[in-house]
$ cat my_file_34.pdb   # PDB, C-alpha atoms and all ligand atoms
ATOM      1  CA  MET A 141      10.292  -4.364 -14.626  1.00  0.00           C
ATOM      2  CA  VAL A 142      12.845  -6.593 -12.919  1.00  0.00           C
ATOM      3  CA  ASN A 143      16.069  -7.538 -14.738  1.00  0.00           C
ATOM      4  CA  LEU A 144      17.984 -10.457 -13.267  1.00  0.00           C
ATOM      5  CA  VAL A 145      21.766 -10.498 -13.530  1.00  0.00           C
ATOM      6  CA  LYS A 146      23.578 -13.551 -12.218  1.00  0.00           C
ATOM      7  CA  VAL A 147      27.358 -13.486 -11.853  1.00  0.00           C
ATOM      8  CA  SER A 148      29.214 -16.751 -11.467  1.00  0.00           C
ATOM      9  CA  LYS A 149      32.583 -15.412 -10.315  1.00  0.00           C
ATOM     10  CA  GLN A 150      32.589 -13.831  -6.829  1.00  0.00           C
ATOM     11  CA  GLU A 151      35.129 -11.219  -7.919  1.00  0.00           C
ATOM     12  CA  ASP A 152      32.689  -9.969 -10.563  1.00  0.00           C
ATOM     13  CA  PHE A 153      29.891  -9.238  -8.079  1.00  0.00           C
ATOM     14  CA  GLY A 154      31.278  -5.922  -6.877  1.00  0.00           C
ATOM     15  CA  LYS A 155      32.659  -5.061 -10.323  1.00  0.00           C
ATOM     16  CA  VAL A 156      29.294  -5.387 -12.078  1.00  0.00           C
ATOM     17  CA  ALA A 157      27.567  -3.350  -9.365  1.00  0.00           C
ATOM     18  CA  ALA A 158      30.275  -0.685  -9.554  1.00  0.00           C
ATOM     19  CA  TYR A 159      29.942  -0.556 -13.332  1.00  0.00           C
ATOM     20  CA  ILE A 160      26.226   0.233 -12.973  1.00  0.00           C
ATOM     21  CA  VAL A 161      26.797   2.946 -10.346  1.00  0.00           C
ATOM     22  CA  SER A 162      29.883   4.498 -11.958  1.00  0.00           C
ATOM     23  CA  SER A 163      28.254   4.636 -15.422  1.00  0.00           C
ATOM     24  CA  LEU A 164      25.485   6.728 -13.911  1.00  0.00           C
ATOM     25  CA  VAL A 165      27.916   9.037 -12.103  1.00  0.00           C
ATOM     26  CA  GLN A 166      29.952   9.451 -15.285  1.00  0.00           C
ATOM     27  CA  THR A 167      26.945  10.489 -17.365  1.00  0.00           C
ATOM     28  CA  SER A 168      25.189  12.386 -14.530  1.00  0.00           C
ATOM     29  CA  PRO A 169      27.857  13.966 -12.306  1.00  0.00           C
ATOM     30  CA  ARG A 170      25.126  15.443 -10.083  1.00  0.00           C
ATOM     31  CA  ALA A 171      23.459  12.066  -9.548  1.00  0.00           C
ATOM     32  CA  VAL A 172      21.576  11.431  -6.312  1.00  0.00           C
ATOM     33  CA  LEU A 173      22.490   7.995  -4.968  1.00  0.00           C
ATOM     34  CA  GLY A 174      20.571   6.012  -2.357  1.00  0.00           C
ATOM     35  CA  LEU A 175      23.074   3.865  -0.488  1.00  0.00           C
ATOM     36  CA  ALA A 176      22.889   0.726   1.640  1.00  0.00           C
ATOM     37  CA  THR A 177      25.064  -0.798   4.315  1.00  0.00           C
ATOM     38  CA  GLY A 178      25.507  -4.408   5.466  1.00  0.00           C
ATOM     39  CA  GLY A 179      27.923  -7.003   4.180  1.00  0.00           C
ATOM     40  CA  THR A 180      26.570  -7.203   0.638  1.00  0.00           C
ATOM     41  CA  PRO A 181      27.592  -3.812  -0.831  1.00  0.00           C
ATOM     42  CA  VAL A 182      31.132  -3.748   0.619  1.00  0.00           C
ATOM     43  CA  ASP A 183      32.685  -4.962  -2.654  1.00  0.00           C
ATOM     44  CA  LEU A 184      30.679  -2.400  -4.619  1.00  0.00           C
ATOM     45  CA  TYR A 185      32.230   0.377  -2.562  1.00  0.00           C
ATOM     46  CA  LYS A 186      35.709  -1.174  -2.894  1.00  0.00           C
ATOM     47  CA  GLU A 187      35.363  -1.211  -6.682  1.00  0.00           C
ATOM     48  CA  LEU A 188      33.981   2.345  -6.780  1.00  0.00           C
ATOM     49  CA  ILE A 189      37.089   3.495  -4.912  1.00  0.00           C
ATOM     50  CA  ASN A 190      39.252   1.650  -7.488  1.00  0.00           C
ATOM     51  CA  ILE A 191      37.408   3.329 -10.352  1.00  0.00           C
ATOM     52  CA  PHE A 192      37.713   6.704  -8.628  1.00  0.00           C
ATOM     53  CA  ASN A 193      41.467   6.157  -8.161  1.00  0.00           C
ATOM     54  CA  GLN A 194      41.797   5.513 -11.895  1.00  0.00           C
ATOM     55  CA  GLY A 195      40.573   9.091 -12.420  1.00  0.00           C
ATOM     56  CA  VAL A 196      37.549   7.985 -14.417  1.00  0.00           C
ATOM     57  CA  ILE A 197      34.827   9.473 -12.201  1.00  0.00           C
ATOM     58  CA  SER A 198      34.357  12.216  -9.656  1.00  0.00           C
ATOM     59  CA  PHE A 199      31.853  12.263  -6.810  1.00  0.00           C
ATOM     60  CA  SER A 200      32.382  15.965  -6.116  1.00  0.00           C
ATOM     61  CA  LYS A 201      28.833  16.875  -7.149  1.00  0.00           C
ATOM     62  CA  VAL A 202      27.123  13.617  -6.167  1.00  0.00           C
ATOM     63  CA  LYS A 203      24.593  13.649  -3.352  1.00  0.00           C
ATOM     64  CA  THR A 204      23.869  10.532  -1.269  1.00  0.00           C
ATOM     65  CA  PHE A 205      21.096   9.419   1.059  1.00  0.00           C
ATOM     66  CA  ASN A 206      21.539   6.311   3.163  1.00  0.00           C
ATOM     67  CA  LEU A 207      18.632   4.019   3.840  1.00  0.00           C
ATOM     68  CA  ASP A 208      18.871   3.725   7.571  1.00  0.00           C
ATOM     69  CA  GLU A 209      20.636   4.139  10.894  1.00  0.00           C
ATOM     70  CA  TYR A 210      20.327   2.593  14.350  1.00  0.00           C
ATOM     71  CA  VAL A 211      18.519   4.644  16.992  1.00  0.00           C
ATOM     72  CA  GLY A 212      20.795   5.557  19.882  1.00  0.00           C
ATOM     73  CA  LEU A 213      24.175   4.901  18.262  1.00  0.00           C
ATOM     74  CA  PRO A 214      26.505   7.886  18.025  1.00  0.00           C
ATOM     75  CA  ALA A 215      27.810   8.517  14.501  1.00  0.00           C
ATOM     76  CA  ASP A 216      31.331   7.566  15.599  1.00  0.00           C
ATOM     77  CA  HIS A 217      30.274   4.178  17.039  1.00  0.00           C
ATOM     78  CA  PRO A 218      32.041   1.578  14.847  1.00  0.00           C
ATOM     79  CA  ALA A 219      28.738  -0.216  14.117  1.00  0.00           C
ATOM     80  CA  SER A 220      26.859   2.948  13.118  1.00  0.00           C
ATOM     81  CA  TYR A 221      25.927   3.173   9.468  1.00  0.00           C
ATOM     82  CA  ARG A 222      27.517   6.643   9.271  1.00  0.00           C
ATOM     83  CA  ALA A 223      30.815   5.113  10.420  1.00  0.00           C
ATOM     84  CA  PHE A 224      30.353   2.248   7.930  1.00  0.00           C
ATOM     85  CA  MET A 225      29.852   4.635   5.014  1.00  0.00           C
ATOM     86  CA  ASN A 226      32.808   6.826   5.954  1.00  0.00           C
ATOM     87  CA  LYS A 227      35.057   3.779   6.347  1.00  0.00           C
ATOM     88  CA  HIS A 228      33.974   1.867   3.248  1.00  0.00           C
ATOM     89  CA  LEU A 229      33.425   4.733   0.799  1.00  0.00           C
ATOM     90  CA  PHE A 230      33.239   8.408   1.730  1.00  0.00           C
ATOM     91  CA  ASP A 231      36.718   8.734   3.284  1.00  0.00           C
ATOM     92  CA  HIS A 232      38.302   7.454   0.057  1.00  0.00           C
ATOM     93  CA  ILE A 233      36.596   9.535  -2.638  1.00  0.00           C
ATOM     94  CA  ASP A 234      36.220  13.235  -3.439  1.00  0.00           C
ATOM     95  CA  ILE A 235      32.645  13.522  -2.184  1.00  0.00           C
ATOM     96  CA  ASP A 236      31.639  16.658  -0.255  1.00  0.00           C
ATOM     97  CA  MET A 237      30.678  15.270   3.176  1.00  0.00           C
ATOM     98  CA  ASN A 238      27.910  17.903   3.350  1.00  0.00           C
ATOM     99  CA  ASN A 239      26.296  16.085   0.431  1.00  0.00           C
ATOM    100  CA  THR A 240      26.240  12.742   2.259  1.00  0.00           C
ATOM    101  CA  HIS A 241      23.155  12.066   4.337  1.00  0.00           C
ATOM    102  CA  VAL A 242      22.570   9.344   6.921  1.00  0.00           C
ATOM    103  CA  PRO A 243      19.742   9.631   9.459  1.00  0.00           C
ATOM    104  CA  ASN A 244      20.998  10.884  12.817  1.00  0.00           C
ATOM    105  CA  GLY A 245      20.538   7.941  15.173  1.00  0.00           C
ATOM    106  CA  GLN A 246      21.330  10.089  18.159  1.00  0.00           C
ATOM    107  CA  ALA A 247      18.723  12.761  17.534  1.00  0.00           C
ATOM    108  CA  ALA A 248      16.980  13.758  20.780  1.00  0.00           C
ATOM    109  CA  ASN A 249      13.643  13.328  19.010  1.00  0.00           C
ATOM    110  CA  PRO A 250      13.831  10.485  16.453  1.00  0.00           C
ATOM    111  CA  ASP A 251      10.396  11.295  14.973  1.00  0.00           C
ATOM    112  CA  GLN A 252      11.522  14.849  14.270  1.00  0.00           C
ATOM    113  CA  GLU A 253      14.683  13.452  12.717  1.00  0.00           C
ATOM    114  CA  CYS A 254      12.508  11.356  10.372  1.00  0.00           C
ATOM    115  CA  SER A 255      10.637  14.504   9.291  1.00  0.00           C
ATOM    116  CA  ARG A 256      13.922  16.339   8.756  1.00  0.00           C
ATOM    117  CA  TYR A 257      15.240  13.460   6.618  1.00  0.00           C
ATOM    118  CA  ASP A 258      12.027  13.340   4.588  1.00  0.00           C
ATOM    119  CA  ALA A 259      12.147  17.092   4.019  1.00  0.00           C
ATOM    120  CA  MET A 260      15.630  16.720   2.515  1.00  0.00           C
ATOM    121  CA  LEU A 261      14.546  13.734   0.453  1.00  0.00           C
ATOM    122  CA  SER A 262      11.549  15.648  -0.886  1.00  0.00           C
ATOM    123  CA  GLU A 263      13.920  18.126  -2.539  1.00  0.00           C
ATOM    124  CA  SER A 264      15.549  15.400  -4.636  1.00  0.00           C
ATOM    125  CA  VAL A 265      14.634  12.279  -6.533  1.00  0.00           C
ATOM    126  CA  ILE A 266      16.974   9.366  -5.991  1.00  0.00           C
ATOM    127  CA  ASP A 267      18.428   8.446  -9.377  1.00  0.00           C
ATOM    128  CA  LEU A 268      19.764   5.071  -8.270  1.00  0.00           C
ATOM    129  CA  GLN A 269      18.932   3.287  -5.031  1.00  0.00           C
ATOM    130  CA  VAL A 270      21.268   0.492  -3.922  1.00  0.00           C
ATOM    131  CA  LEU A 271      19.524  -2.139  -1.807  1.00  0.00           C
ATOM    132  CA  GLY A 272      20.306  -5.360  -0.011  1.00  0.00           C
ATOM    133  CA  ILE A 273      17.702  -7.770   1.299  1.00  0.00           C
ATOM    134  CA  GLY A 274      17.286  -9.170   4.791  1.00  0.00           C
ATOM    135  CA  HIS A 275      16.620 -12.878   5.325  1.00  0.00           C
ATOM    136  CA  ASN A 276      13.031 -11.959   6.167  1.00  0.00           C
ATOM    137  CA  GLY A 277      12.597  -9.861   3.014  1.00  0.00           C
ATOM    138  CA  HIS A 278      13.267  -6.472   4.574  1.00  0.00           C
ATOM    139  CA  ILE A 279      14.587  -3.609   2.460  1.00  0.00           C
ATOM    140  CA  GLY A 280      16.283  -0.810   4.343  1.00  0.00           C
ATOM    141  CA  PHE A 281      14.917  -1.622   7.766  1.00  0.00           C
ATOM    142  CA  ASN A 282      11.328  -1.953   6.519  1.00  0.00           C
ATOM    143  CA  GLU A 283      10.479  -5.151   8.359  1.00  0.00           C
ATOM    144  CA  PRO A 284       7.663  -7.539   7.317  1.00  0.00           C
ATOM    145  CA  ALA A 285       4.398  -6.231   8.806  1.00  0.00           C
ATOM    146  CA  ASP A 286       0.694  -5.860   8.066  1.00  0.00           C
ATOM    147  CA  GLN A 287       1.342  -2.305   6.962  1.00  0.00           C
ATOM    148  CA  LEU A 288       4.389  -0.555   5.559  1.00  0.00           C
ATOM    149  CA  MET A 289       5.177   3.137   5.920  1.00  0.00           C
ATOM    150  CA  PRO A 290       5.803   5.309   2.865  1.00  0.00           C
ATOM    151  CA  GLY A 291       8.181   7.800   4.470  1.00  0.00           C
ATOM    152  CA  THR A 292      11.083   7.787   6.905  1.00  0.00           C
ATOM    153  CA  HIS A 293      10.071   6.382  10.274  1.00  0.00           C
ATOM    154  CA  VAL A 294      11.274   4.690  13.443  1.00  0.00           C
ATOM    155  CA  VAL A 295      10.996   0.911  13.322  1.00  0.00           C
ATOM    156  CA  ASP A 296      11.268  -1.797  15.975  1.00  0.00           C
ATOM    157  CA  LEU A 297      13.794  -4.311  14.685  1.00  0.00           C
ATOM    158  CA  LEU A 298      12.649  -7.924  14.622  1.00  0.00           C
ATOM    159  CA  PRO A 299      14.650 -10.456  16.655  1.00  0.00           C
ATOM    160  CA  GLU A 300      15.955 -12.141  13.483  1.00  0.00           C
ATOM    161  CA  THR A 301      17.291  -8.817  12.183  1.00  0.00           C
ATOM    162  CA  ARG A 302      19.087  -8.095  15.454  1.00  0.00           C
ATOM    163  CA  GLU A 303      20.538 -11.646  15.335  1.00  0.00           C
ATOM    164  CA  ALA A 304      21.704 -11.197  11.742  1.00  0.00           C
ATOM    165  CA  ASN A 305      23.439  -7.911  12.592  1.00  0.00           C
ATOM    166  CA  ALA A 306      24.903  -9.075  15.919  1.00  0.00           C
ATOM    167  CA  ARG A 307      28.161  -9.798  14.074  1.00  0.00           C
ATOM    168  CA  TYR A 308      28.904  -6.070  14.095  1.00  0.00           C
ATOM    169  CA  PHE A 309      28.518  -5.839  17.893  1.00  0.00           C
ATOM    170  CA  GLN A 310      29.977  -7.676  20.919  1.00  0.00           C
ATOM    171  CA  SER A 311      26.669  -9.485  21.453  1.00  0.00           C
ATOM    172  CA  VAL A 312      23.082  -9.472  20.205  1.00  0.00           C
ATOM    173  CA  ASP A 313      22.015  -7.553  23.316  1.00  0.00           C
ATOM    174  CA  GLU A 314      24.071  -4.601  22.131  1.00  0.00           C
ATOM    175  CA  VAL A 315      22.242  -4.372  18.807  1.00  0.00           C
ATOM    176  CA  PRO A 316      19.871  -1.414  19.112  1.00  0.00           C
ATOM    177  CA  ALA A 317      16.194  -2.364  19.305  1.00  0.00           C
ATOM    178  CA  GLN A 318      15.138   0.399  16.925  1.00  0.00           C
ATOM    179  CA  ALA A 319      16.285   2.040  13.731  1.00  0.00           C
ATOM    180  CA  ILE A 320      15.331   4.976  11.542  1.00  0.00           C
ATOM    181  CA  THR A 321      14.627   3.828   8.007  1.00  0.00           C
ATOM    182  CA  MET A 322      13.612   5.375   4.732  1.00  0.00           C
ATOM    183  CA  GLY A 323      10.114   4.163   3.880  1.00  0.00           C
ATOM    184  CA  VAL A 324       9.090   1.981   0.969  1.00  0.00           C
ATOM    185  CA  GLY A 325       7.362   4.945  -0.706  1.00  0.00           C
ATOM    186  CA  THR A 326      10.689   6.766  -1.006  1.00  0.00           C
ATOM    187  CA  ILE A 327      12.458   3.616  -2.178  1.00  0.00           C
ATOM    188  CA  MET A 328       9.789   2.967  -4.814  1.00  0.00           C
ATOM    189  CA  LYS A 329      10.056   6.571  -6.097  1.00  0.00           C
ATOM    190  CA  SER A 330      13.745   6.047  -7.015  1.00  0.00           C
ATOM    191  CA  ARG A 331      14.284   6.190 -10.765  1.00  0.00           C
ATOM    192  CA  GLN A 332      16.359   3.012 -10.765  1.00  0.00           C
ATOM    193  CA  ILE A 333      17.049   0.325  -8.172  1.00  0.00           C
ATOM    194  CA  LEU A 334      20.032  -2.002  -7.863  1.00  0.00           C
ATOM    195  CA  LEU A 335      19.217  -4.855  -5.481  1.00  0.00           C
ATOM    196  CA  MET A 336      22.334  -6.820  -4.542  1.00  0.00           C
ATOM    197  CA  VAL A 337      21.942 -10.359  -3.212  1.00  0.00           C
ATOM    198  CA  ARG A 338      24.761 -12.669  -2.234  1.00  0.00           C
ATOM    199  CA  GLY A 339      25.044 -16.102  -0.626  1.00  0.00           C
ATOM    200  CA  ALA A 340      23.109 -19.374  -0.373  1.00  0.00           C
ATOM    201  CA  ASP A 341      21.256 -18.122   2.704  1.00  0.00           C
ATOM    202  CA  LYS A 342      19.491 -15.486   0.567  1.00  0.00           C
ATOM    203  CA  ALA A 343      18.390 -17.863  -2.244  1.00  0.00           C
ATOM    204  CA  GLU A 344      14.935 -18.608  -0.872  1.00  0.00           C
ATOM    205  CA  ILE A 345      13.999 -15.097   0.154  1.00  0.00           C
ATOM    206  CA  ILE A 346      15.037 -13.503  -3.135  1.00  0.00           C
ATOM    207  CA  HIS A 347      13.134 -16.154  -5.079  1.00  0.00           C
ATOM    208  CA  ARG A 348      10.033 -15.584  -2.936  1.00  0.00           C
ATOM    209  CA  ALA A 349      10.365 -11.796  -3.204  1.00  0.00           C
ATOM    210  CA  LEU A 350      10.532 -11.828  -6.996  1.00  0.00           C
ATOM    211  CA  THR A 351       8.209 -14.704  -7.880  1.00  0.00           C
ATOM    212  CA  GLY A 352       5.819 -14.896  -4.940  1.00  0.00           C
ATOM    213  CA  PRO A 353       2.847 -12.723  -4.035  1.00  0.00           C
ATOM    214  CA  ILE A 354       3.341  -8.983  -3.575  1.00  0.00           C
ATOM    215  CA  THR A 355       2.821  -8.566   0.134  1.00  0.00           C
ATOM    216  CA  THR A 356       3.858  -6.304   2.991  1.00  0.00           C
ATOM    217  CA  LEU A 357       4.899  -9.523   4.734  1.00  0.00           C
ATOM    218  CA  CYS A 358       7.821  -9.591   2.294  1.00  0.00           C
ATOM    219  CA  PRO A 359       8.697  -5.913   1.723  1.00  0.00           C
ATOM    220  CA  ALA A 360      11.122  -6.714  -1.126  1.00  0.00           C
ATOM    221  CA  SER A 361       8.198  -8.206  -3.089  1.00  0.00           C
ATOM    222  CA  LEU A 362       6.972  -4.631  -3.720  1.00  0.00           C
ATOM    223  CA  LEU A 363       9.947  -4.241  -6.045  1.00  0.00           C
ATOM    224  CA  GLN A 364       8.028  -6.357  -8.569  1.00  0.00           C
ATOM    225  CA  LEU A 365       5.967  -3.190  -9.147  1.00  0.00           C
ATOM    226  CA  HIS A 366       8.937  -0.912  -9.844  1.00  0.00           C
ATOM    227  CA  PRO A 367       9.637  -0.008 -13.489  1.00  0.00           C
ATOM    228  CA  ASN A 368      13.426  -0.338 -13.369  1.00  0.00           C
ATOM    229  CA  VAL A 369      15.006  -2.832 -10.976  1.00  0.00           C
ATOM    230  CA  THR A 370      18.231  -4.731 -11.575  1.00  0.00           C
ATOM    231  CA  VAL A 371      18.729  -7.684  -9.248  1.00  0.00           C
ATOM    232  CA  LEU A 372      22.384  -8.641  -9.088  1.00  0.00           C
ATOM    233  CA  MET A 373      22.879 -12.112  -7.628  1.00  0.00           C
ATOM    234  CA  ASP A 374      25.828 -14.396  -7.172  1.00  0.00           C
ATOM    235  CA  GLY A 375      25.411 -18.023  -8.253  1.00  0.00           C
ATOM    236  CA  GLU A 376      24.382 -19.205  -4.794  1.00  0.00           C
ATOM    237  CA  ALA A 377      21.764 -16.534  -4.191  1.00  0.00           C
ATOM    238  CA  GLY A 378      20.405 -17.043  -7.707  1.00  0.00           C
ATOM    239  CA  ARG A 379      20.304 -20.839  -7.655  1.00  0.00           C
ATOM    240  CA  LEU A 380      16.478 -21.086  -7.611  1.00  0.00           C
ATOM    241  CA  PHE A 381      16.213 -19.045 -10.806  1.00  0.00           C
ATOM    242  CA  GLY A 382      17.740 -21.879 -12.838  1.00  0.00           C
TER
HETATM  243  O1  LIG B 401      23.915  -7.380   3.314  1.00  0.00           O
HETATM  244  P1  LIG B 401      23.496  -7.909   4.642  1.00  0.00           P
HETATM  245  O2  LIG B 401      24.569  -7.707   5.686  1.00  0.00           O
HETATM  246  O3  LIG B 401      23.012  -9.309   4.578  1.00  0.00           O
HETATM  247  O4  LIG B 401      22.277  -7.016   5.126  1.00  0.00           O
HETATM  248  C1  LIG B 401      20.998  -7.101   4.541  1.00  0.00           C
HETATM  249  C2  LIG B 401      20.261  -5.815   4.648  1.00  0.00           C
HETATM  250  O5  LIG B 401      19.956  -5.462   5.992  1.00  0.00           O
HETATM  251  C3  LIG B 401      20.351  -4.157   6.256  1.00  0.00           C
HETATM  252  O6  LIG B 401      21.538  -4.217   7.000  1.00  0.00           O
HETATM  253  C4  LIG B 401      19.358  -3.339   7.000  1.00  0.00           C
HETATM  254  O7  LIG B 401      19.455  -2.045   6.593  1.00  0.00           O
HETATM  255  C5  LIG B 401      20.567  -3.558   4.908  1.00  0.00           C
HETATM  256  O8  LIG B 401      21.410  -2.469   4.954  1.00  0.00           O
HETATM  257  C6  LIG B 401      21.063  -4.677   4.127  1.00  0.00           C
HETATM  258  O9  LIG B 401      20.827  -4.442   2.802  1.00  0.00           O
END

$ encode --input "my_file_34.pdb" --output "structure tokens" --more "lines below"
Ligand SMILES: O=P(O)(O)OC[C@H]1O[C@](O)(CO)[C@@H](O)[C@@H]1O
Amino acid sequence: MVNLVKVSKQEDFGKVAAYIVSSLVQTSPRAVLGLATGGTPVDLYKELINIFNQGVISFSKVKTFNLDEYVGLPADHPASYRAFMNKHLFDHIDIDMNNTHVPNGQAANPDQECSRYDAMLSESVIDLQVLGIGHNGHIGFNEPADQLMPGTHVVDLLPETREANARYFQSVDEVPAQAITMGVGTIMKSRQILLMVRGADKAEIIHRALTGPITTLCPASLLQLHPNVTVLMDGEAGRLFG
């Protein structure tokens, strides 16, 4: 079941998302969180840090799994998703870094790294998976394709995805051509999903994903089949929902 939540004030976008995540952590201190990167969840992480600083929640027993990482980027590269997570969240809360998991983009054998990541994931169930959506309907880095993979795998990034993420690099040529991503099977097994969508440029894709056909050509459309999805949209992203 998909619940739509539209916020009209930009400052509420991160606050509402943080309320959902922090409520879970408060009631389940050992929660397993699936986390996303990109521009959309930055305000969520900012608000979680604020809530943490108020002494209301602790992340000391929380475990996290990130959706994806670029192949070939060292963890300390400023555009790596490990660096993003440390900078925007982990360095500011009381989480045990050993409980934070991001695929290793620099693994000598990326396929083996996918198996290692899946083995860790198989020991837990993600209680709450945070997601964004790409302009082409991707979730994590599961790009539109004839077939989607259930587990963690190496993916060739589509040109539009590299373009969209070029803002984190000096030029589009520097954006890695491949990434390691959690598969849609793992995402769909999460107990609860929070899909965050912001901006006019996402209005059409989120409308298509939630009201159009369920198809691997729009990976986010699979979320229509999940029992517990909250889609948090700002006014611009949600404009086609009336
Ligand atoms: O929030 P953005 O920057 O538009 O990114 C969209 C999605 O693409 C990704 O960067 C690919 O993983 C996701 O992390 C993100 O949810």

$ residues_near_ligand --input "my_file_34.pdb" --ligand "ligand LIG 401 (chain B)" --cutoff "7 Å" --atoms "all atoms listed in the file" --output "VMD selection string"
chain A and resid 176 to 181 207 to 208 271 to 274 278 to 281 305

$ axis_aligned_box --input "my_file_34.pdb" --around "range 282-292 of chain A" --padding-each-side "4 Å" --output "JSON"
{"center_x": 6.0, "center_y": 0.1, "center_z": 5.8, "size_x": 18.6, "size_y": 23.3, "size_z": 13.9}

$ resolve_selection --input "my_file_34.pdb" --expression "the PyMOL selection byres (((chain A and resi 339-353) around 6) and not hetatm)" --output "tab-separated table (two decimals) with C-alpha atoms, in the frame of the given file"
chain	number	residue	atom	x	y	z
A	338	ARG	CA	24.76	-12.67	-2.23
A	354	ILE	CA	3.34	-8.98	-3.58
A	355	THR	CA	2.82	-8.57	0.13
A	360	ALA	CA	11.12	-6.71	-1.13
A	361	SER	CA	8.20	-8.21	-3.09
A	376	GLU	CA	24.38	-19.20	-4.79
A	377	ALA	CA	21.76	-16.53	-4.19
A	378	GLY	CA	20.40	-17.04	-7.71

$ residues_near_point --input "my_file_34.pdb" --point "(20.5, -3.7, -7.0)" --cutoff "9 Å" --atoms "all atoms listed in the file" --output "PyMOL selection string"
chain A and resi 157+268-272+332-337+369-373

$ write_last_selection --input "my_file_34.pdb" --atoms "C-alpha atoms" --output "mmCIF file, keeping the file's coordinate frame"
data_model
loop_
_atom_site.group_PDB
_atom_site.id
_atom_site.type_symbol
_atom_site.label_atom_id
_atom_site.label_comp_id
_atom_site.auth_asym_id
_atom_site.auth_seq_id
_atom_site.Cartn_x
_atom_site.Cartn_y
_atom_site.Cartn_z
ATOM 1 C CA ALA A 157 27.567 -3.350 -9.365
ATOM 2 C CA LEU A 268 19.764 5.071 -8.270
ATOM 3 C CA GLN A 269 18.932 3.287 -5.031
ATOM 4 C CA VAL A 270 21.268 0.492 -3.922
ATOM 5 C CA LEU A 271 19.524 -2.139 -1.807
ATOM 6 C CA GLY A 272 20.306 -5.360 -0.011
ATOM 7 C CA GLN A 332 16.359 3.012 -10.765
ATOM 8 C CA ILE A 333 17.049 0.325 -8.172
ATOM 9 C CA LEU A 334 20.032 -2.002 -7.863
ATOM 10 C CA LEU A 335 19.217 -4.855 -5.481
ATOM 11 C CA MET A 336 22.334 -6.820 -4.542
ATOM 12 C CA VAL A 337 21.942 -10.359 -3.212
ATOM 13 C CA VAL A 369 15.006 -2.832 -10.976
ATOM 14 C CA THR A 370 18.231 -4.731 -11.575
ATOM 15 C CA VAL A 371 18.729 -7.684 -9.248
ATOM 16 C CA LEU A 372 22.384 -8.641 -9.088
ATOM 17 C CA MET A 373 22.879 -12.112 -7.628
#

$ atom_distance --input "my_file_34.pdb" --atom1 "CA of Arg222 in chain A" --atom2 "CA of Arg331 in chain A"
24.0 Å

$ resolve_selection --input "my_file_34.pdb" --expression "the PyMOL selection byres (((chain A and resi 186-197) around 8) and not hetatm)" --output "PyMOL selection string"
chain A and resi 154-155+158+162+165-166+182-185+198-199+228-229+232-233

$ resolve_selection --input "my_file_34.pdb" --expression "the PyMOL selection byres (((chain A and resi 238) around 12) and not hetatm)" --output "list of chain:residue names"
A:Ser200, A:Lys201, A:Val202, A:Lys203, A:Thr204, A:Phe205, A:Phe230, A:Asp234, A:Ile235, A:Asp236, A:Met237, A:Asn239, A:Thr240, A:His241, A:Val242

$ atom_distance --input "my_file_34.pdb" --atom1 "CA of Gly291 in chain A" --atom2 "CA of Asp258 in chain A"
6.7 Å

$ residues_around --input "my_file_34.pdb" --residues "Pro316 in chain A" --least-positions-apart "3" --cutoff "9 Å" --atoms "all atoms listed in the file" --output "PyMOL selection string"
chain A and resi 210-213+297+302+312-313+319

$ residues_around --input "my_file_34.pdb" --residues "Ser255 in chain A" --least-positions-apart "3" --cutoff "12 Å" --atoms "all atoms listed in the file" --output "list in words"
Pro243, Asn244, Ala247, Asn249, Pro250, Asp251, Gln252, Asp258, Ala259, Met260, Leu261, Ser262, Gly291, Thr292, His293, Val294, Ile320, Thr321, Met322 and Gly323 of chain A

$ atom_distance --input "my_file_34.pdb" --atom1 "CA of Pro290 in chain A" --atom2 "CA of Thr326 in chain A"
6.4 Å

$ residues_around --input "my_file_34.pdb" --residues "Leu298 in chain A" --least-positions-apart "2" --cutoff "10 Å" --atoms "only C-alpha atoms" --output "NGL selection string"
:A and (276 or 281 or 283-284 or 295-296 or 300-303 or 317-318)

$ closest_residue --input "my_file_34.pdb" --among "A:Gly245, A:Asp267, A:Cys254, A:Glu209" --to "Thr167 in chain A" --atoms "all atoms listed in the file"
A:Asp267

$ residues_near_point --input "my_file_34.pdb" --point "(34.1, -1.7, 12.5)" --cutoff "12 Å" --atoms "only C-alpha atoms" --output "list in words"
Gly178, Gly179, Asp216, His217, Pro218, Ala219, Ser220, Tyr221, Arg222, Ala223, Phe224, Met225, Asn226, Lys227, His228, Arg307, Tyr308, Phe309 and Gln310 of chain A

$ closest_residue --input "my_file_34.pdb" --among "A:Ser330, A:Gln287, A:Asn282, A:Ser311" --to "Leu173 in chain A" --atoms "only C-alpha atoms"
A:Ser330

$ closest_residue --input "my_file_34.pdb" --among "A:Ala285, A:Gly174, A:Ile266, A:Ile160" --to "Lys329 in chain A" --atoms "all atoms listed in the file"
A:Ile266

$ build_atoms --input "my_file_34.pdb" --residues "range 243-247 of chain A" --atoms "N, CA and C atoms" --output "CSV table (one decimal), in the frame of the given file"
chain,number,residue,atom,x,y,z
A,243,PRO,N,20.6,9.2,8.3
A,243,PRO,CA,19.7,9.6,9.5
A,243,PRO,C,20.6,9.7,10.7
A,244,ASN,N,20.3,10.7,11.6
A,244,ASN,CA,21.0,10.9,12.8
A,244,ASN,C,20.4,10.0,13.9
A,245,GLY,N,21.1,8.9,14.2
A,245,GLY,CA,20.5,7.9,15.2
A,245,GLY,C,20.5,8.5,16.6
A,246,GLN,N,21.2,9.5,16.8
A,246,GLN,CA,21.3,10.1,18.2
A,246,GLN,C,20.4,11.3,18.4
A,247,ALA,N,19.6,11.6,17.4
A,247,ALA,CA,18.7,12.8,17.5
A,247,ALA,C,17.9,12.6,18.8
